[in-house]
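Structure file model-v8.txt with compact mmCIF, C-alpha atoms:
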```
# COMPACT_ATOMS: atom_id res chain seq x y z
CA MET A 171 11.44 5.00 11.11
CA ALA A 172 9.39 3.93 8.10
CA PHE A 173 7.08 6.45 6.48
CA TYR A 174 4.47 3.81 5.62
CA SER A 175 3.26 1.18 8.06
CA SER A 176 4.04 -2.51 7.78
CA GLY A 177 0.35 -2.85 6.97
CA VAL A 178 1.03 -1.35 3.55
CA GLU A 179 3.59 -4.05 2.81
CA TYR A 180 1.26 -6.78 4.11
CA GLY A 181 -1.62 -5.37 2.10
CA ILE A 182 0.31 -5.17 -1.17
CA HIS A 183 1.66 -8.71 -0.79
CA SER A 184 -1.77 -10.01 0.12
CA LEU A 185 -3.37 -8.48 -2.95
CA MET A 186 -0.56 -10.00 -5.04
CA CYS A 187 -1.50 -13.40 -3.55
CA MET A 188 -5.01 -12.86 -4.84
CA VAL A 189 -3.75 -12.82 -8.45
CA ASP A 190 -2.74 -16.03 -10.20
CA ALA A 191 0.02 -16.49 -12.78
CA ARG A 192 -2.39 -15.66 -15.62
CA GLY A 193 -3.24 -12.37 -13.94
CA GLU A 194 -6.69 -13.50 -12.93
CA ALA A 195 -8.07 -12.77 -9.49
CA ARG A 196 -8.72 -15.51 -6.98
CA GLU A 197 -10.72 -15.40 -3.79
CA MET A 198 -8.82 -16.05 -0.58
CA SER A 199 -9.52 -15.87 3.11
CA VAL A 200 -7.51 -13.65 5.40
CA ARG A 201 -6.46 -16.75 7.32
CA GLU A 202 -5.07 -18.34 4.13
CA MET A 203 -3.12 -15.22 3.25
CA ALA A 204 -1.79 -14.80 6.79
CA GLU A 205 -0.61 -18.43 6.92
CA LEU A 206 0.83 -18.36 3.41
CA GLN A 207 2.85 -15.23 4.12
CA GLY A 208 3.69 -15.85 7.77
CA VAL A 209 2.07 -12.62 8.97
CA PRO A 210 -0.17 -12.07 12.02
CA TYR A 211 -3.79 -12.99 11.26
CA ASP A 212 -5.35 -10.37 13.56
CA TYR A 213 -3.32 -7.58 12.00
CA LEU A 214 -4.07 -8.74 8.47
CA ALA A 215 -7.80 -8.87 9.27
CA LYS A 216 -7.64 -5.19 10.26
CA ILE A 217 -5.79 -4.39 7.06
CA PHE A 218 -8.52 -6.10 5.04
CA THR A 219 -11.14 -4.02 6.79
CA ARG A 220 -9.32 -0.93 5.51
CA LEU A 221 -8.88 -2.41 2.03
CA SER A 222 -12.59 -3.13 1.94
CA ARG A 223 -13.51 0.38 3.09
CA GLY A 224 -11.13 1.69 0.42
CA GLY A 225 -13.04 -0.21 -2.26
CA LEU A 226 -10.14 -2.46 -3.20
CA VAL A 227 -11.58 -5.79 -2.00
CA SER A 228 -15.02 -7.15 -1.29
CA SER A 229 -15.95 -9.95 1.05
CA SER A 230 -18.04 -13.03 0.42
CA GLU A 231 -20.12 -14.51 3.21
CA GLY A 232 -20.64 -18.06 4.35
CA LYS A 233 -18.53 -21.15 4.78
CA GLY A 234 -15.41 -20.82 2.72
CA GLY A 235 -15.93 -17.09 2.35
CA GLY A 236 -13.10 -14.72 1.91
CA PHE A 237 -12.12 -11.70 -0.10
CA LYS A 238 -11.83 -10.98 -3.78
CA LEU A 239 -10.50 -7.96 -5.60
CA ALA A 240 -13.21 -5.34 -6.04
CA ARG A 241 -11.74 -4.36 -9.41
CA ALA A 242 -9.21 -5.79 -11.82
CA ALA A 243 -5.64 -6.09 -10.53
CA GLU A 244 -4.41 -3.83 -13.34
CA LEU A 245 -6.66 -1.07 -11.96
CA ILE A 246 -5.38 -1.20 -8.37
CA THR A 247 -2.24 0.86 -7.90
CA VAL A 248 0.24 0.73 -5.08
CA LEU A 249 -0.86 4.27 -4.22
CA ASP A 250 -4.47 3.03 -3.90
CA VAL A 251 -3.28 0.47 -1.34
CA VAL A 252 -1.22 3.05 0.55
CA HIS A 253 -4.18 5.41 0.79
CA ALA A 254 -6.58 2.65 1.83
CA ILE A 255 -4.32 1.40 4.63
CA ASP A 256 -2.40 4.42 5.88
CA GLY A 257 -4.61 7.19 4.51
CA GLU A 258 -3.39 10.24 2.70
CA LYS A 259 -0.62 11.83 4.66
CA ASN A 260 1.97 14.46 4.05
CA MET A 261 5.56 13.45 4.46
CA PHE A 262 6.44 16.98 5.59
CA GLU A 263 4.78 19.59 7.74
CA CYS A 264 6.18 23.06 7.27
CA ARG A 265 6.68 24.86 10.60
CA GLU A 266 7.51 28.19 8.94
CA VAL A 267 10.90 28.28 10.62
CA ARG A 268 11.92 30.98 8.16
CA GLN A 269 9.68 33.43 10.06
CA ARG A 270 11.09 32.66 13.52
CA LEU A 271 14.68 33.78 13.29
CA ALA A 272 15.87 35.48 16.46
CA LEU A 273 16.97 38.47 14.39
CA PHE A 274 13.35 39.27 13.56
CA ASP A 275 12.23 39.64 17.18
CA GLU A 276 8.95 37.85 16.39
CA GLN A 277 8.20 40.30 13.54
CA PRO A 278 9.61 38.83 10.32
CA PRO A 279 10.11 41.30 7.47
CA GLU A 280 7.79 41.02 4.48
CA TRP A 281 10.48 39.55 2.20
CA VAL A 282 10.77 36.48 4.45
CA CYS A 283 7.11 35.56 3.98
CA ASP A 284 7.00 36.41 0.27
CA GLY A 285 6.00 33.28 -1.66
CA PRO A 286 6.01 29.70 -0.49
CA CYS A 287 8.73 28.41 1.78
CA GLY A 288 11.56 27.01 -0.34
CA VAL A 289 11.99 23.98 1.93
CA ARG A 290 8.27 23.20 1.77
CA SER A 291 8.31 23.49 -2.04
CA VAL A 292 11.09 20.93 -2.31
CA MET A 293 9.39 18.54 0.10
CA ASP A 294 5.99 18.89 -1.60
CA SER A 295 7.62 18.19 -4.95
CA ALA A 296 9.34 15.09 -3.54
CA GLN A 297 6.05 13.77 -2.19
CA GLN A 298 4.31 14.41 -5.49
CA ARG A 299 6.99 12.48 -7.37
CA MET A 300 6.86 9.61 -4.90
CA GLU A 301 3.07 9.37 -5.24
CA GLU A 302 3.32 9.52 -9.03
CA GLU A 303 5.72 6.58 -8.90
CA LEU A 304 3.45 4.58 -6.59
CA ALA A 305 0.54 5.29 -8.93
CA ARG A 306 2.52 3.92 -11.92
CA HIS A 307 2.68 0.39 -10.47
CA THR A 308 -0.31 -1.90 -10.17
CA ILE A 309 -0.95 -5.09 -8.25
CA LEU A 310 -0.93 -6.92 -11.58
CA ASP A 311 2.50 -5.45 -12.45
CA LEU A 312 3.94 -6.66 -9.15
CA ALA A 313 2.31 -10.11 -9.36
CA ARG A 314 3.60 -10.62 -12.91
CA LYS A 315 7.09 -9.56 -11.86
CA MET A 316 6.99 -12.09 -9.02
CA TYR A 317 5.76 -14.92 -11.25
CA ARG A 318 8.41 -14.15 -13.91
CA LYS A 319 11.14 -14.59 -11.29
CA ALA A 320 9.67 -17.73 -9.76
CA PRO A 321 10.29 -21.21 -11.11
CA ASP A 322 7.35 -22.78 -12.96
CA THR A 323 6.77 -25.12 -10.04
CA PHE A 324 5.98 -22.17 -7.75
CA VAL A 325 2.60 -21.57 -9.40
CA VAL A 326 1.61 -25.20 -8.86
CA GLU A 327 2.94 -25.21 -5.29
CA VAL A 328 0.86 -22.15 -4.36
CA GLN A 329 -2.28 -23.60 -5.96
CA GLU A 330 -1.77 -26.91 -4.16
CA TRP A 331 -1.09 -25.16 -0.85
CA ILE A 332 -4.36 -23.20 -1.13
CA ALA A 333 -6.30 -26.32 -2.21
CA ASP A 334 -4.92 -28.30 0.75
CA ARG A 335 -6.07 -25.60 3.19
CA ARG A 336 -9.55 -25.52 1.68
CA VAL A 337 -10.02 -29.27 2.01
CA GLY A 338 -9.59 -28.85 5.76
CA ARG A 339 -12.34 -26.21 6.08
```

Spell out the structure here as structure tokens.
Amino acid sequence: MAFYSSGVEYGIHSLMCMVDARGEAREMSVREMAELQGVPYDYLAKIFTRLSRGGLVSSSEGKGGGFKLARAAELITVLDVVHAIDGEKNMFECREVRQRLALFDEQPPEWVCDGPCGVRSVMDSAQQRMEEELARHTILDLARKMYRKAPDTFVVEVQEWIADRRVGR
């Protein structure tokens, strides 16, 4: 089972769609992003509600309205997206198993409880490192990596695809 929801993946990819090849933000509707990526519109709309509450995107009203990044793509980290969509959560919950050995007859000796649980320390350290890594990567980093891999025609194809959808509004 995945630790983070599919919403995190959809959210990251959607924010990447909102950055052009020059690294500049572009406004897009949730419907455009859902169609472009082949993801469920209703689910993506809920994700954008969370991204908005998290201060990562802002909405524009009226015909042709959509969302834009609330701050520069180089200032939005993957960890920001994770926290906005899935919230802050611990990957491990210590149950203090060390204190429940049958040998202790429900009264663990003092040495057992001395200091933090070794298992918890390892798991907390792993989570901290994972979050540090997620914080190192920004939406701009990921968008640039995608555009470097893509053929030059991809940029034009995406722009034309978006323009074609907007003509039909």

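The interatomic distance for the pair atom CA of Met261 of chain A and atom CA of Glu301 of chain A works out to 10.8 Å.
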
Which residues are near Ala204 of chain A? Cut-off 7 Å, only C-alpha atoms, ignore same chain within fewer than 6 positions. Put them as a list in words.
Pro210, Tyr211 and Leu214 of chain A

Taking 6 positions as the minimum chain separation for residues in the same chain, which residues sit within 10 Å of Lys259 of chain A when counting only C-alpha atoms? Answer as a short mmCIF file (atom, residue, chain, number, x, y, z; two decimals) with C-alpha atoms, in the frame of the given file.
```cif
data_model
loop_
_atom_site.label_atom_id
_atom_site.label_comp_id
_atom_site.auth_asym_id
_atom_site.auth_seq_id
_atom_site.Cartn_x
_atom_site.Cartn_y
_atom_site.Cartn_z
CA PHE A 173 7.08 6.45 6.48
CA TYR A 174 4.47 3.81 5.62
CA VAL A 252 -1.22 3.05 0.55
CA HIS A 253 -4.18 5.41 0.79
CA GLN A 297 6.05 13.77 -2.19
#
```

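The two atoms in question, atom CA of Leu304 of chain A and atom CA of Asp250 of chain A, are spaced 8.5 Å apart.
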
Using only C-alpha atoms, which protein or nucleic acid residues come within 12 Å of Tyr317 of chain A? Drop anything in the same chain fewer than 6 positions from it, and give the result as a VMD selection string.
chain A and resid 186 to 187 189 to 193 310 to 311 323 to 326 328

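Among the candidate residues A:Gln277, A:Gln269, A:Ala215, A:Arg306, the one lying nearest to Glu202 of chain A is A:Ala215, with distances computed using all atoms listed in the file.
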
Quote the spacing between atom CA of Ala240 of chain A and atom CA of Leu226 of chain A in Å to one decimal place.
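Pair atom CA of Ala240 of chain A / atom CA of Leu226 of chain A returns 5.1 Å.
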
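Between Ala195 of chain A and the residues A:Phe237, A:Trp331, A:Phe274, A:Phe262, the shortest atom-to-atom distance, using only C-alpha atoms, involves A:Phe237.
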
So, counting all atoms listed in the file, which residue among A:Ala320, A:Ile246, A:Ile182, A:Glu276 is closest to Met203 of chain A?
A:Ile182

Counting only C-alpha atoms, figure out which residue out of A:Leu239, A:Cys283, A:Leu206, A:Val251 gets nearest to Arg220 of chain A.
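Answer, going by the shortest atom-to-atom distance: A:Val251.
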
For each of A:Leu249, A:Val337, A:Ala242, A:Leu312, take the minimum atom-to-atom distance to Arg299 of chain A, counting only C-alpha atoms, then give the residue where this is smallest.
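Closest to Arg299 of chain A, using only C-alpha atoms: A:Leu249.
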
Using all atoms of segment 273-285 of chain A listed in the file and a margin of 3 Å per side, can you give the axis-aligned box centre and edge lengths in Å to one decimal, as lines of an AutoDock Vina configuration file?
```
center_x = 11.5
center_y = 37.3
center_z = 7.8
size_x = 17.0
size_y = 14.0
size_z = 24.8
```
